[in-house]
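> Enclosed is the structure file start26.txt (compact mmCIF, C-alpha atoms).
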```
# COMPACT_ATOMS: atom_id res chain seq x y z
CA MET A 1 38.79 1.69 17.72
CA ILE A 2 35.42 0.48 19.03
CA ASP A 3 35.40 -3.22 19.88
CA ALA A 4 32.53 -5.64 19.19
CA GLY A 5 31.35 -5.60 22.80
CA THR A 6 30.98 -1.84 22.76
CA VAL A 7 28.99 -2.00 19.54
CA VAL A 8 26.62 -4.56 21.07
CA ARG A 9 26.12 -2.41 24.19
CA MET A 10 25.45 0.66 22.06
CA ARG A 11 22.84 -1.23 20.05
CA GLU A 12 21.18 -2.51 23.22
CA GLN A 13 21.04 1.00 24.64
CA SER A 14 19.58 2.33 21.42
CA ALA A 15 17.01 -0.47 21.25
CA ALA A 16 15.81 0.43 24.75
CA ARG A 17 15.06 4.02 23.77
CA SER A 18 11.63 5.23 22.69
CA ASP A 19 10.91 6.14 19.08
CA ALA A 20 10.90 9.84 19.95
CA GLU A 21 14.26 9.57 21.69
CA ILE A 22 15.80 7.86 18.67
CA VAL A 23 14.35 10.50 16.35
CA ASP A 24 15.97 13.18 18.52
CA LEU A 25 19.30 11.37 18.28
CA VAL A 26 19.08 11.29 14.49
CA ARG A 27 18.14 14.97 14.36
CA ASP A 28 21.14 15.75 16.56
CA GLY A 29 23.45 14.12 14.05
CA ASP A 30 23.56 10.46 15.10
CA VAL A 31 22.37 9.19 11.72
CA ASP A 32 23.28 5.60 12.61
CA ALA A 33 20.53 5.61 15.23
CA PHE A 34 17.97 5.52 12.45
CA GLU A 35 18.96 1.91 11.82
CA THR A 36 17.26 1.04 15.12
CA LEU A 37 13.97 2.37 13.77
CA VAL A 38 14.47 0.41 10.56
CA GLU A 39 15.04 -2.80 12.51
CA ARG A 40 12.08 -2.04 14.77
CA TYR A 41 9.59 -1.42 11.97
CA GLU A 42 10.92 -3.18 8.86
CA ASP A 43 8.47 -6.08 9.20
CA ARG A 44 5.53 -3.72 9.61
CA VAL A 45 6.50 -1.52 6.68
CA PHE A 46 7.21 -4.50 4.44
CA GLY A 47 3.87 -6.01 5.43
CA ILE A 48 2.03 -2.86 4.38
CA VAL A 49 3.89 -2.58 1.11
CA ALA A 50 3.63 -6.27 0.23
CA ARG A 51 -0.17 -6.05 0.32
CA HIS A 52 -0.26 -3.27 -2.26
CA VAL A 53 2.54 -3.74 -4.79
CA PRO A 54 3.80 -6.78 -6.74
CA PRO A 55 6.10 -9.05 -4.66
CA ARG A 56 9.07 -8.41 -6.94
CA ASP A 57 8.93 -4.67 -6.12
CA ALA A 58 7.96 -4.81 -2.43
CA GLY A 59 11.52 -4.65 -1.11
CA GLU A 60 12.38 -1.61 -3.20
CA VAL A 61 9.20 0.25 -2.23
CA ALA A 62 9.72 -0.57 1.48
CA HIS A 63 13.28 0.76 1.23
CA ASP A 64 11.93 3.88 -0.46
CA ALA A 65 9.46 4.35 2.42
CA PHE A 66 12.29 4.32 4.98
CA VAL A 67 14.34 6.76 2.90
CA ARG A 68 11.34 9.08 2.77
CA ALA A 69 10.85 8.76 6.50
CA TYR A 70 14.48 9.60 7.18
CA LEU A 71 14.32 12.66 4.95
CA ALA A 72 11.05 13.78 6.53
CA LEU A 73 12.07 13.38 10.18
CA SER A 74 12.06 17.16 10.59
CA SER A 75 8.28 17.08 9.98
CA TYR A 76 7.66 14.49 12.70
CA ALA A 77 6.43 16.38 15.75
CA GLY A 78 7.33 13.61 18.16
CA THR A 79 4.01 13.87 19.99
CA GLY A 80 2.10 11.30 17.92
CA ASP A 81 2.49 7.65 17.11
CA PHE A 82 5.69 7.17 15.12
CA ALA A 83 4.51 3.80 13.84
CA GLY A 84 1.36 5.38 12.43
CA TRP A 85 3.35 8.23 10.88
CA LEU A 86 5.66 5.71 9.25
CA ALA A 87 2.69 3.61 8.03
CA ARG A 88 1.25 6.65 6.27
CA ILE A 89 4.56 7.19 4.50
CA ALA A 90 4.56 3.54 3.41
CA VAL A 91 1.04 3.88 1.99
CA ARG A 92 2.04 7.03 0.09
CA ALA A 93 5.06 5.19 -1.29
CA CYS A 94 2.68 2.53 -2.63
CA SER A 95 0.48 5.19 -4.22
CA ASP A 96 3.49 6.78 -5.87
CA TYR A 97 4.65 3.39 -7.08
CA TRP A 98 1.39 2.92 -8.98
CA ARG A 99 1.44 6.50 -10.24
CA GLY A 100 4.86 5.89 -11.77
CA ARG A 101 3.85 2.52 -13.16
CA TYR A 102 0.74 3.95 -14.82
CA ARG A 103 2.87 6.54 -16.58
CA ARG A 104 5.29 3.92 -17.85
CA ARG A 105 2.87 1.21 -18.88
CA GLU A 106 1.51 0.77 -22.39
CA ARG A 107 -0.40 -2.46 -22.18
CA GLU A 108 -2.54 -4.34 -24.71
CA GLU A 109 -5.35 -6.33 -23.14
CA SER A 110 -5.65 -9.81 -24.61
CA ALA A 111 -8.93 -11.58 -25.20
CA LEU A 112 -10.43 -13.12 -22.08
CA SER A 113 -11.01 -16.79 -21.44
CA ASP A 114 -14.48 -18.09 -20.53
CA GLU A 115 -13.46 -18.23 -16.85
CA GLU A 116 -12.21 -14.64 -16.91
CA ARG A 117 -15.38 -13.44 -18.64
CA ARG A 118 -17.47 -15.18 -15.96
CA TRP A 119 -15.41 -13.51 -13.22
CA LEU A 120 -15.92 -10.13 -14.87
CA GLU A 121 -19.66 -10.68 -15.05
CA GLU A 122 -19.77 -11.43 -11.34
CA ALA A 123 -17.43 -8.59 -10.39
CA ALA A 124 -19.37 -6.07 -12.48
CA SER A 125 -22.52 -6.95 -10.56
CA ASP A 126 -23.24 -5.73 -7.05
CA ARG A 127 -21.50 -8.65 -5.33
CA SER A 128 -18.60 -8.12 -2.97
CA ILE A 129 -15.23 -7.76 -4.68
CA VAL A 130 -13.70 -9.64 -1.76
CA ALA A 131 -16.14 -12.55 -2.09
CA ILE A 132 -15.46 -12.81 -5.79
CA GLU A 133 -11.70 -12.72 -5.30
CA ARG A 134 -11.99 -15.65 -2.89
CA GLY A 135 -14.31 -17.67 -5.14
CA GLU A 136 -13.66 -20.54 -7.50
CA SER A 137 -12.34 -18.19 -10.19
CA ALA A 138 -9.77 -16.69 -7.82
CA ARG A 139 -6.90 -17.80 -10.02
CA HIS A 140 -8.21 -15.41 -12.69
CA ALA A 141 -9.21 -12.67 -10.27
CA SER A 142 -5.82 -11.26 -9.39
CA GLU A 143 -4.77 -10.38 -12.93
CA LEU A 144 -8.18 -9.06 -13.96
CA LEU A 145 -8.66 -7.07 -10.79
CA ASP A 146 -5.21 -5.54 -11.20
CA ARG A 147 -6.11 -4.65 -14.79
CA ALA A 148 -9.27 -2.91 -13.61
CA LEU A 149 -7.60 -1.23 -10.62
CA SER A 150 -4.95 0.16 -12.96
CA ARG A 151 -7.64 2.38 -14.49
CA LEU A 152 -8.31 4.06 -11.16
CA SER A 153 -6.22 6.87 -9.75
CA PRO A 154 -3.51 5.71 -7.31
CA GLU A 155 -5.53 7.22 -4.44
CA ASP A 156 -8.72 5.40 -5.45
CA ARG A 157 -6.78 2.18 -5.91
CA MET A 158 -5.31 2.42 -2.41
CA VAL A 159 -8.63 3.16 -0.71
CA ILE A 160 -10.24 0.20 -2.54
CA GLU A 161 -7.42 -2.12 -1.51
CA ILE A 162 -7.35 -1.00 2.13
CA VAL A 163 -11.11 -0.76 2.79
CA HIS A 164 -12.63 -3.39 0.49
CA ILE A 165 -9.88 -5.92 -0.22
CA ASP A 166 -7.88 -5.78 3.03
CA GLU A 167 -11.18 -5.09 4.87
CA ARG A 168 -9.54 -2.67 7.29
CA PRO A 169 -11.74 -0.43 9.50
CA VAL A 170 -12.41 3.07 8.22
CA LYS A 171 -10.57 4.58 11.18
CA GLU A 172 -7.46 2.53 10.39
CA ALA A 173 -7.71 3.38 6.68
CA ALA A 174 -8.01 7.07 7.53
CA ALA A 175 -4.86 6.91 9.65
CA ALA A 176 -2.94 5.10 6.91
CA LEU A 177 -4.05 7.43 4.12
CA GLY A 178 -3.86 10.62 6.15
CA TRP A 179 -7.53 11.43 5.38
CA SER A 180 -10.53 12.06 7.59
CA ALA A 181 -12.84 9.11 8.28
CA GLY A 182 -15.60 10.88 6.37
CA ASN A 183 -13.35 11.36 3.36
CA VAL A 184 -12.39 7.68 3.41
CA LYS A 185 -16.05 6.64 3.40
CA VAL A 186 -16.91 8.91 0.48
CA ARG A 187 -13.80 8.06 -1.55
CA ALA A 188 -14.24 4.33 -0.92
CA LEU A 189 -17.86 4.43 -2.09
CA ARG A 190 -17.04 6.45 -5.21
CA ALA A 191 -13.99 4.32 -6.02
CA ARG A 192 -16.01 1.13 -5.74
CA ARG A 193 -18.63 2.51 -8.11
CA LYS A 194 -15.89 3.47 -10.56
CA LEU A 195 -14.39 -0.02 -10.29
CA ARG A 196 -17.72 -1.70 -11.03
CA ARG A 197 -18.19 0.57 -14.03
CA ILE A 198 -14.69 -0.26 -15.30
CA LEU A 199 -15.33 -3.99 -14.89
CA GLY A 200 -18.55 -3.60 -16.86
CA GLU A 201 -16.73 -1.71 -19.61
CA MET A 202 -14.10 -4.44 -19.79
CA LEU A 203 -16.85 -6.99 -20.23
CA GLU A 204 -18.53 -4.91 -22.93
CA ASP A 205 -15.23 -4.48 -24.75
CA GLN A 206 -14.72 -8.24 -24.79
CA GLY A 207 -18.30 -8.82 -25.95
CA GLY A 208 -17.69 -6.63 -28.95
CA ARG A 209 -14.67 -8.62 -30.13
CA PRO A 210 -14.98 -11.30 -32.79
```
Represent the structure contained in this file as structure tokens.


Amino acid sequence: MIDAGTVVRMREQSAARSDAEIVDLVRDGDVDAFETLVERYEDRVFGIVARHVPPRDAGEVAHDAFVRAYLALSSYAGTGDFAGWLARIAVRACSDYWRGRYRRREREESALSDEERRWLEEAASDRSIVAIERGESARHASELLDRALSRLSPEDRMVIEIVHIDERPVKEAAAALGWSAGNVKVRALRARRKLRRILGEMLEDQGGRP
């Protein structure tokens, strides 16, 4: 039987290993070694997920990201940045979360308040989505923006959130999404245009209601 002191020493030894060394241990059958990677990166993965899914679901999606990473370890070459590889898996988990939610949701949009209509008018214009979200109508922005984002594809939603809302550099967004920098720029531009069009349509729909 392994005593507590031995367990502590084993954990310390594992914590001192590089990511690639721990991955090799897991591949060789030491599945418990993966827990070291979870402890090392749980804050980072949760931070990524928490920015892109509702708080109530962030823990589950983060857990799903680690499960995916464990199952995909055979595809990790070991020559790149493990943290970046794991971040891309977390972003894909967020995209899949929204894809599943879109399939399940059947939502009726209620009539908008005057404040929400004003926010839509501003958001449908050429002003920055980020600036609007931080403005005086911010308390209405989150729900309305989520409603509009839900009409985009999961991929377009993620590129909008990472590039325009999180304001991350294109290079960082490309690494997270697993796309080229050029593809990120094009998709971000197209997705933003789609979002403005959707916001305008939402405003028109409300204008046509009694």

> Show me, as number ranges by chain, the residues that have an atom within 7 Å of segment 18-29 of chain A when counting only C-alpha atoms, minus same-chain residues fewer than 2 positions from it.

A: 16, 31, 33-34, 78, 82

> What is the atom CA of Val67 of chain A-atom CA of Ile89 of chain A distance in Å, reported with one decimal?

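Computing the Euclidean distance for atom CA of Val67 of chain A and atom CA of Ile89 of chain A yields 9.9 Å.
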
> Mind giving me the straight-line distance from atom CA of Glu42 of chain A to atom CA of Phe66 of chain A in Å, one decimal?

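Taking atom CA of Glu42 of chain A and atom CA of Phe66 of chain A, their separation equals 8.6 Å.
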
> Would you compute the distance between atom CA of Gly182 of chain A and atom CA of Ile48 of chain A? Give it in Å to one decimal.

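Distance reported for this atom pair: 22.4 Å.
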
> If you take all atoms listed in the file and a cut-off of 9 Å, which residues of segment 2-105 of chain A touch segment 150-164 of chain A, and what are their nearest atom pairs and distances in Å to one decimal, in chain and number order, as CSV?


```
residue,atom,partner,partner_atom,distance
A:Arg51,CA,A:Glu161,CA,8.4
A:His52,CA,A:Glu161,CA,7.3
A:Val91,CA,A:Met158,CA,7.9
A:Arg92,CA,A:Glu155,CA,8.8
A:Cys94,CA,A:Met158,CA,8.0
A:Ser95,CA,A:Pro154,CA,5.1
A:Asp96,CA,A:Pro154,CA,7.2
A:Tyr97,CA,A:Pro154,CA,8.5
A:Trp98,CA,A:Pro154,CA,5.9
A:Arg99,CA,A:Pro154,CA,5.8
A:Tyr102,CA,A:Ser150,CA,7.1
```

> Measuring between all atoms listed in the file, which one of A:Ala87, A:Tyr76, A:Glu201, A:Arg196 shows the shortest distance to Ala173 of chain A?

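Smallest separation from Ala173 of chain A among the options: A:Ala87.
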
> Here is a test: counting all atoms listed in the file, which residue of A:Val186, A:Ala90, A:Asp166, A:Ala50 is nearest to Asp64 of chain A?

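That would be A:Ala90, the residue with the smallest distance to Asp64 of chain A.
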
> Using all atoms listed in the file, which of the listed residues (A:Lys185, A:Arg147, A:Arg44, A:Arg197) sits closest to Pro169 of chain A?

A:Lys185

> Under the rule that only C-alpha atoms are counted, which of A:Pro54, A:Gly59, A:Gly200, A:Gly84 is the nearest residue to Ala174 of chain A?

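Smallest separation from Ala174 of chain A among the options: A:Gly84.
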
> Given the choices A:Gly100, A:Glu60, A:Leu177, A:Arg190, which gets closest to Phe46 of chain A if the distance is worked out from all atoms listed in the file?

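Counting all atoms listed in the file, the residue closest to Phe46 of chain A is A:Glu60.
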
> Could you tell me which of A:Glu204, A:Asp32, A:Asp146, A:Asp43 comes closest to Ala83 of chain A if we count only C-alpha atoms?

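The answer is A:Asp43, which sits nearest to Ala83 of chain A.
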
> Which neighbours of Ala65 of chain A fall inside 8 Å, counting all atoms listed in the file, when residues of the same chain fewer than 3 positions from it are skipped, and could you give them as an MDAnalysis selection string?

chainID A and resid 45 61:62 68:69 86 89:90 93
